[in-house]
Amino acid sequence: ASEGAAATVAPPPPPLGMAQKLAEDAATAEPGSPDIDALPILSVLARTLDQVATLVSLARNSLYCPDEICVDFLEIDGISRAAALIRSLPDTKLILAAPRVLKPGEEGIWRALLELEPDGLLVRGAGLVRLLRSLGGAGAAVDLPPTDQKPGKTVRIPPLLGDFSLNVCNALAADAWLRPEGGLSRLAAAHDLSADAIAEL
């Protein structure tokens with residue numbers, strides 16, 4: 001090109017989910033590469049609204065974006081704003097983390113999480129899993145009662161994802177949770193397992 005010619009810069013490619021990128025790499029990989037069905041996903045946990053905003057900004061301006069962002073706030077305030085930010089990323093799933101303990105009279109917390117219609121719910125205690133299973137489990141319709149601020153609404157229970165605090169340390173426990181009657185579609189192994197133990201599990 002001549003010195004006076006204007007330089008042209010190709011626009012950056014759209015963000016790709018990590019699983020999609022790995023799948024594309026695997027399609028051209030040498031024999032012996034991991035099975036596409038077993039490829040990992042990139043799931044990022046955010047504990048503040050600022051962290052969510054930073055993740056969303058990075059995803060919009062880089063090649064990769066998380067396959068899912070899990071919102072784990074100490075308070076219910078701000079979760080709806082975080083959900084709206086994550087929903088602005090077309091290929092990123094919204095996961096909401098439920099509290100580890102739900103005391104009597106705190107039904108409003110899990111109802112507020114379901115009202116946001118996340119793509120998944122991170123559950124940390126057997127009590128909430130049992131409660132949601134009693135309502136039909138993942139995919140079941142739940143009628144949320146009206147409040148002073150909002151009308152009633154029918155939502156579906158999202159896939160339930162097991163947190164490490166369920167303390168799954170062996171194949172028997174994992175099998176029990178991942179069976180249809182167990183209620184979970186995915187789980188994290190207990191945090192005190194070694195890398196070898198996790199690989200064996």
# chains A, B, ... in the order shown; residues from 1 in each chain; ligands from 1
$ residues_around --residues "A:Leu74" --least-positions-apart "4" --cutoff "10 Å" --atoms "only C-alpha atoms" --output "list in words"
Arg47, Thr48, Gly78, Ile79, Ala97, Ala98 and Pro99 of chain A
$ closest_atom_pairs --of "stretch 89-144 of chain A" --to "stretch 179-194 of chain A" --cutoff "7 Å" --atoms "only C-alpha atoms" --output "Markdown table"
| residue | atom | partner | partner_atom | distance |
| --- | --- | --- | --- | --- |
| A:Val129 | CA | A:Gly183 | CA | 6.7 |
| A:Arg133 | CA | A:Gly183 | CA | 6.4 |
| A:Gly137 | CA | A:Gly183 | CA | 6.4 |
$ residues_around --residues "A:Gly152" --least-positions-apart "4" --cutoff "12 Å" --atoms "only C-alpha atoms" --output "list of chain:residue names"
A:Arg111, A:Ala112, A:Glu115, A:Val142, A:Asp143, A:Leu144, A:Pro145, A:Pro146, A:Thr147, A:Asp148
$ write_last_selection --atoms "N, CA and C atoms" --output "CSV table (one decimal), in the first residue's frame"
chain,number,residue,atom,x,y,z
A,111,ARG,N,-38.1,-17.3,45.9
A,111,ARG,CA,-39.1,-16.9,44.9
A,111,ARG,C,-38.6,-15.7,44.1
A,112,ALA,N,-37.9,-14.8,44.7
A,112,ALA,CA,-37.3,-13.6,44.0
A,112,ALA,C,-36.3,-14.1,43.0
A,115,GLU,N,-38.1,-15.5,40.1
A,115,GLU,CA,-38.8,-14.5,39.3
A,115,GLU,C,-38.0,-13.9,38.2
A,142,VAL,N,-44.2,-22.8,38.3
A,142,VAL,CA,-44.5,-22.4,39.6
A,142,VAL,C,-45.2,-21.1,39.6
A,143,ASP,N,-46.3,-21.0,40.3
A,143,ASP,CA,-47.1,-19.7,40.4
A,143,ASP,C,-46.5,-18.9,41.5
A,144,LEU,N,-46.0,-17.8,41.2
A,144,LEU,CA,-45.5,-16.9,42.3
A,144,LEU,C,-46.6,-15.9,42.7
A,145,PRO,N,-46.9,-15.8,43.9
A,145,PRO,CA,-48.0,-15.0,44.4
A,145,PRO,C,-47.7,-13.5,44.2
A,146,PRO,N,-48.8,-12.7,44.0
A,146,PRO,CA,-48.6,-11.3,43.9
A,146,PRO,C,-48.1,-10.6,45.2
A,147,THR,N,-47.4,-9.5,45.0
A,147,THR,CA,-47.0,-8.7,46.2
A,147,THR,C,-47.6,-7.3,46.1
A,148,ASP,N,-47.3,-6.5,47.1
A,148,ASP,CA,-47.7,-5.1,47.0
A,148,ASP,C,-47.2,-4.4,45.8
$ select_by_dssp --residues "stretch 8-195 of chain A" --states "strand (DSSP E or B)" --output "PDB file with C-alpha atoms, in the first residue's frame"
ATOM      1  CA  LEU A  16     -17.167 -16.652  21.590  1.00  0.00           C
ATOM      2  CA  GLY A  17     -18.145 -18.816  24.515  1.00  0.00           C
ATOM      3  CA  SER A  43     -18.286 -20.303  34.359  1.00  0.00           C
ATOM      4  CA  VAL A  44     -17.385 -17.181  36.340  1.00  0.00           C
ATOM      5  CA  LEU A  45     -18.787 -16.313  39.763  1.00  0.00           C
ATOM      6  CA  ALA A  46     -19.329 -12.638  40.596  1.00  0.00           C
ATOM      7  CA  TYR A  64     -13.816 -14.671  24.615  1.00  0.00           C
ATOM      8  CA  CYS A  65     -16.725 -14.274  26.953  1.00  0.00           C
ATOM      9  CA  GLU A  68     -22.133 -18.375  32.090  1.00  0.00           C
ATOM     10  CA  ILE A  69     -21.894 -15.834  34.893  1.00  0.00           C
ATOM     11  CA  CYS A  70     -23.066 -16.853  38.343  1.00  0.00           C
ATOM     12  CA  VAL A  71     -24.377 -13.991  40.484  1.00  0.00           C
ATOM     13  CA  LYS A  93     -26.145 -17.788  30.553  1.00  0.00           C
ATOM     14  CA  LEU A  94     -27.370 -16.227  33.777  1.00  0.00           C
ATOM     15  CA  ILE A  95     -26.884 -18.397  36.872  1.00  0.00           C
ATOM     16  CA  LEU A  96     -28.146 -17.235  40.261  1.00  0.00           C
ATOM     17  CA  ALA A  97     -26.711 -18.543  43.528  1.00  0.00           C
ATOM     18  CA  GLY A 120     -29.726 -22.111  36.161  1.00  0.00           C
ATOM     19  CA  LEU A 121     -29.886 -21.981  39.950  1.00  0.00           C
ATOM     20  CA  LEU A 122     -26.812 -22.795  42.047  1.00  0.00           C
ATOM     21  CA  VAL A 123     -28.113 -24.681  45.092  1.00  0.00           C
ATOM     22  CA  ALA A 141     -44.148 -24.291  36.333  1.00  0.00           C
ATOM     23  CA  VAL A 142     -44.464 -22.415  39.623  1.00  0.00           C
ATOM     24  CA  ASP A 143     -47.068 -19.749  40.351  1.00  0.00           C
ATOM     25  CA  LEU A 144     -45.493 -16.883  42.269  1.00  0.00           C
ATOM     26  CA  LYS A 153     -46.323 -14.538  37.777  1.00  0.00           C
ATOM     27  CA  THR A 154     -45.830 -18.072  36.490  1.00  0.00           C
ATOM     28  CA  VAL A 155     -42.203 -19.130  36.032  1.00  0.00           C
ATOM     29  CA  ARG A 156     -40.380 -22.380  35.410  1.00  0.00           C
ATOM     30  CA  LEU A 160     -30.447 -26.989  39.444  1.00  0.00           C
ATOM     31  CA  LEU A 161     -26.654 -26.918  39.768  1.00  0.00           C
ATOM     32  CA  GLY A 162     -25.061 -28.414  42.869  1.00  0.00           C
ATOM     33  CA  ARG A 186     -24.700 -30.726  37.323  1.00  0.00           C
ATOM     34  CA  LEU A 187     -22.613 -30.525  40.471  1.00  0.00           C
TER      35      LEU A 187
END
$ select_by_dssp --residues "chain A" --states "alpha helix (DSSP H)" --output "number ranges by chain"
A: 18-27, 49-60, 79-87, 107-115, 126-134, 171-178, 195-200
$ closest_residue --among "A:Leu114, A:Leu102, A:Val52, A:Ile157" --to "A:Pro66" --atoms "only C-alpha atoms"
A:Val52
$ atom_distance --atom1 "atom CA of A:Ala140" --atom2 "atom CA of A:Leu128"
14.9 Å
